[in-house]
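Peer 1: If you scroll down you'll find the structure; I have some questions about it.
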Amino acid sequence: MDYLTVEEAIERPGVRLVLTAGVPGPWGEAAKYILDHKQVAYAPVYQEGGGENAALKAWTGQTSAPVLVVDDLPPVSHWLDLLMTAERIAPEPALLPAAATERAVALGLAALIAGVDGFGWNRRLQMFAPLMAMDEPPPAIVRMMGKYGWSREAHAAAGARLVAILAELDRVLAVQAAAGSDYFVGSSVGAVDLYWASFSAMLKPLPPEQNPMPDFLRTTYATIDDSLAAAFTPALEAHRDRVFARHITLPLDF
């Protein structure tokens, strides 16, 4: 993927998406899947994972990725703000249901996956635990974990939280399958499906020919304990595979 610098992106109109360069970060990948599904063209902008990213902070007010900037609209970095901005600038195909009840369900499930204390949040605590246990953790990791709620207590609670979230996602898929649907909400692909396709990589990435991620990160993502391996049910994996096969361009590019 060819990235603009922040300085180049500031001068460019249109849709710009700040991404962590060279790796499939789940929040960034989900943002890409959402925009791609809506056929919204965007210019990728470089962010260094764990870096100081001073120019990005000056532009957007923070140092993380993803960040979506559309023309002169304020930058958005929270997963929900990013999703709602995408729905605003490209209403069709919609990724959220119009009906209030189904919409609430979709947003709740998406929050379980992508939100604070959700699946990605807790899995990230697990993945960085070995580095945080070092006598002198790398400064970039300390900086990241300071933003993302690291503590020994939070790490200790993460496993049970992850298993509970996966159990709920599996339950929803079973209910939907009984109703004749392959998707989390309604009868067509939606935001929850794209979020799960992205975040499931934190348990079992797609093979290298489909997801050419760095080997060190693949190992980190795929190192899980028996409880998580059991919670990642065949139904959850099959759903992930269906969504990639039907709705997401492979191989991934980052």
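Chain labels A, B, ... are given in the sequence in which chains occur in the structure tokens; within each chain residues are numbered consecutively from 1, and ligands are likewise numbered from 1 in the order shown.
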A:Glu209: which residues within 10 Å, counting only C-alpha atoms, same-chain residues fewer than 4 positions away excluded, as a list in words?
Peer 2: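 What passes the distance filter is Met213, Leu250, Pro251 and Leu252 of chain A.
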Peer 1: Save the residues we just selected, C-alpha atoms, as a PDB file, in the first residue's frame?
Peer 2:
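Below is the file part00.pdb, written as the result:
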```pdb
ATOM      1  CA  MET A 213       1.468 -10.102   7.727  1.00  0.00           C
ATOM      2  CA  LEU A 250      -7.888 -10.880  -0.876  1.00  0.00           C
ATOM      3  CA  PRO A 251      -4.970 -10.935  -0.459  1.00  0.00           C
ATOM      4  CA  LEU A 252      -4.939  -8.188   2.140  1.00  0.00           C
TER       5      LEU A 252
END
```
Peer 1: Residues within 10 Å of A:Pro93, please, as a PyMOL selection string. Count only C-alpha atoms; anything in the same chain fewer than 5 positions from it doesn't count.
Peer 2: chain A and resi 37-39+87+189-190
Peer 1: Write the residues you've just listed into a file as a short mmCIF file (atom, residue, chain, number, x, y, z; two decimals), in the first residue's frame, and include C-alpha atoms for each of them.
Peer 2:
```
data_model
loop_
_atom_site.label_atom_id
_atom_site.label_comp_id
_atom_site.auth_asym_id
_atom_site.auth_seq_id
_atom_site.Cartn_x
_atom_site.Cartn_y
_atom_site.Cartn_z
CA HIS A 37 -17.62 -2.18 0.87
CA LYS A 38 -19.15 1.23 0.26
CA GLN A 39 -16.77 1.81 -2.68
CA GLU A 87 -22.63 5.77 6.74
CA VAL A 189 -23.70 -8.31 5.43
CA GLY A 190 -23.37 -5.50 7.92
#
```
Peer 1: To test your reading of the structure, identify every residue in stretch 26-185 of chain A that backbone DSSP assigns to strand (DSSP E or B), and report it as a list in words.
Peer 2: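 Strand (DSSP E or B) assignments inside stretch 26-185 of chain A correspond to Ala43, Pro44, Val45, Tyr46, Gln47, Val67, Leu68, Val69, Val70 and Val76 of chain A.
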Peer 1: Would you mind listing what lies within 12 Å of A:Ala55 as a PyMOL selection string, with only C-alpha atoms counted and same-chain residues fewer than 2 positions away left out?
Peer 2: chain A and resi 5-10+18+45-48+51-53+57-64
Peer 1: Please provide as an mmCIF file with N, CA and C atoms, in the first residue's frame all residues within 12 Å of A:Pro74, with the sequence filter that same-chain residues fewer than 4 positions apart are discarded (counting only C-alpha atoms).
Peer 2:
```cif
data_model
loop_
_atom_site.group_PDB
_atom_site.id
_atom_site.type_symbol
_atom_site.label_atom_id
_atom_site.label_comp_id
_atom_site.auth_asym_id
_atom_site.auth_seq_id
_atom_site.Cartn_x
_atom_site.Cartn_y
_atom_site.Cartn_z
ATOM 1 N N VAL A 15 -11.103 11.974 0.875
ATOM 2 C CA VAL A 15 -11.136 11.032 1.992
ATOM 3 C C VAL A 15 -9.725 10.518 2.247
ATOM 4 N N ARG A 16 -9.272 10.673 3.488
ATOM 5 C CA ARG A 16 -7.948 10.186 3.880
ATOM 6 C C ARG A 16 -8.106 9.301 5.101
ATOM 7 N N TRP A 59 -2.185 17.360 13.630
ATOM 8 C CA TRP A 59 -3.273 17.409 12.642
ATOM 9 C C TRP A 59 -4.597 16.925 13.213
ATOM 10 N N THR A 60 -4.566 15.811 13.936
ATOM 11 C CA THR A 60 -5.813 15.139 14.325
ATOM 12 C C THR A 60 -6.080 15.166 15.822
ATOM 13 N N GLY A 61 -5.115 15.610 16.621
ATOM 14 C CA GLY A 61 -5.316 15.671 18.058
ATOM 15 C C GLY A 61 -4.952 14.415 18.810
ATOM 16 N N VAL A 67 -7.528 6.854 11.661
ATOM 17 C CA VAL A 67 -8.196 8.155 11.708
ATOM 18 C C VAL A 67 -8.770 8.406 10.321
ATOM 19 N N LEU A 68 -10.027 8.807 10.280
ATOM 20 C CA LEU A 68 -10.684 9.127 9.021
ATOM 21 C C LEU A 68 -10.874 10.636 8.929
ATOM 22 N N VAL A 69 -10.402 11.220 7.828
ATOM 23 C CA VAL A 69 -10.571 12.648 7.587
ATOM 24 C C VAL A 69 -11.243 12.804 6.229
ATOM 25 N N VAL A 70 -12.384 13.453 6.214
ATOM 26 C CA VAL A 70 -13.159 13.650 4.990
ATOM 27 C C VAL A 70 -13.251 15.140 4.708
ATOM 28 N N ASP A 81 -17.543 6.583 15.662
ATOM 29 C CA ASP A 81 -17.548 7.811 14.868
ATOM 30 C C ASP A 81 -17.131 7.526 13.426
ATOM 31 N N LEU A 82 -16.143 6.644 13.286
ATOM 32 C CA LEU A 82 -15.677 6.307 11.941
ATOM 33 C C LEU A 82 -16.765 5.593 11.145
ATOM 34 N N THR A 85 -19.528 8.089 10.260
ATOM 35 C CA THR A 85 -19.098 8.985 9.186
ATOM 36 C C THR A 85 -19.181 8.284 7.838
#
```
Peer 1: Of the candidates A:Ala197, A:Met202, A:Thr223, A:Thr20, which one gets nearest to A:Ala245 if we count only C-alpha atoms?
Peer 2: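 Smallest separation from A:Ala245 among the options: A:Ala197.
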Peer 1: Can you tell me which residues surround A:Lys147 at a distance of at most 12 Å, considering only C-alpha atoms, apart from same-chain residues fewer than 2 positions away, and format the answer as a ChimeraX atom specification?
Peer 2: /A:50,62-64,116,121,124-125,140-145,149-151
Peer 1: Between atom CA of A:Ile34 and atom CA of A:Phe128, measure the distance and give it in Å to one decimal.
Peer 2: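 For atom CA of A:Ile34 relative to atom CA of A:Phe128, the distance reads 27.0 Å.
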Peer 1: What lies within 12 Å of A:Leu35 using only C-alpha atoms, ignoring chain neighbours under 3 positions off, as a VMD selection string?
Peer 2: chain A and resid 15 to 17 28 to 32 38 to 44 68 70 82 to 95 191 194 247 to 248
Peer 1: Which residues of stretch 65-114 of chain A have any atom within 9 Å of an atom in stretch 163-168 of chain A when counting only C-alpha atoms, and what is the closest pair of atoms for each, with the distance in Å to one decimal? Order the rows by chain and rising number and write it as a tab-separated table.
Peer 2:
```
residue	atom	partner	partner_atom	distance
A:Leu109	CA	A:Glu168	CA	8.9
A:Leu112	CA	A:Ile165	CA	6.7
A:Ile113	CA	A:Ile165	CA	7.8
```
Peer 1: Those same residues - all heavy atoms - I'd like them written as a PDB file, in the first residue's frame.
Peer 2:
```pdb
ATOM      1  N   LEU A 109     -23.379  -5.297  19.330  1.00  0.00           N
ATOM      2  CA  LEU A 109     -22.440  -6.358  18.966  1.00  0.00           C
ATOM      3  C   LEU A 109     -21.123  -5.789  18.458  1.00  0.00           C
ATOM      4  O   LEU A 109     -20.047  -6.306  18.775  1.00  0.00           O
ATOM      5  CB  LEU A 109     -23.075  -7.270  17.906  1.00  0.00           C
ATOM      6  CG  LEU A 109     -24.235  -8.140  18.375  1.00  0.00           C
ATOM      7  CD1 LEU A 109     -24.880  -8.843  17.189  1.00  0.00           C
ATOM      8  CD2 LEU A 109     -23.767  -9.168  19.409  1.00  0.00           C
ATOM      9  N   LEU A 112     -19.091  -4.856  21.376  1.00  0.00           N
ATOM     10  CA  LEU A 112     -18.476  -6.026  22.008  1.00  0.00           C
ATOM     11  C   LEU A 112     -17.180  -6.423  21.308  1.00  0.00           C
ATOM     12  O   LEU A 112     -16.253  -6.922  21.947  1.00  0.00           O
ATOM     13  CB  LEU A 112     -19.435  -7.217  21.977  1.00  0.00           C
ATOM     14  CG  LEU A 112     -20.487  -7.329  23.066  1.00  0.00           C
ATOM     15  CD1 LEU A 112     -21.286  -8.607  22.883  1.00  0.00           C
ATOM     16  CD2 LEU A 112     -19.859  -7.306  24.460  1.00  0.00           C
ATOM     17  N   ILE A 113     -17.108  -6.191  20.022  1.00  0.00           N
ATOM     18  CA  ILE A 113     -15.925  -6.567  19.254  1.00  0.00           C
ATOM     19  C   ILE A 113     -14.872  -5.456  19.285  1.00  0.00           C
ATOM     20  O   ILE A 113     -13.695  -5.703  19.584  1.00  0.00           O
ATOM     21  CB  ILE A 113     -16.307  -6.895  17.796  1.00  0.00           C
ATOM     22  CG1 ILE A 113     -17.249  -8.096  17.752  1.00  0.00           C
ATOM     23  CG2 ILE A 113     -15.046  -7.159  16.961  1.00  0.00           C
ATOM     24  CD1 ILE A 113     -17.882  -8.338  16.393  1.00  0.00           C
TER      25      ILE A 113
END
```
Peer 1: Atom CA of A:Ser198 and atom CA of A:Ala54 are how many Å apart?
Peer 2: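 That distance, rounded to one decimal, is 27.6 Å.
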Peer 1: Using DSSP on the backbone coordinates, identify the residues of stretch 6-222 of chain A assigned to alpha helix (DSSP H); present them as a PyMOL selection string.
Peer 2: chain A and resi 6-10+26-37+54-60+79-89+100-114+119-132+139-147+152-178+191-199+215-222
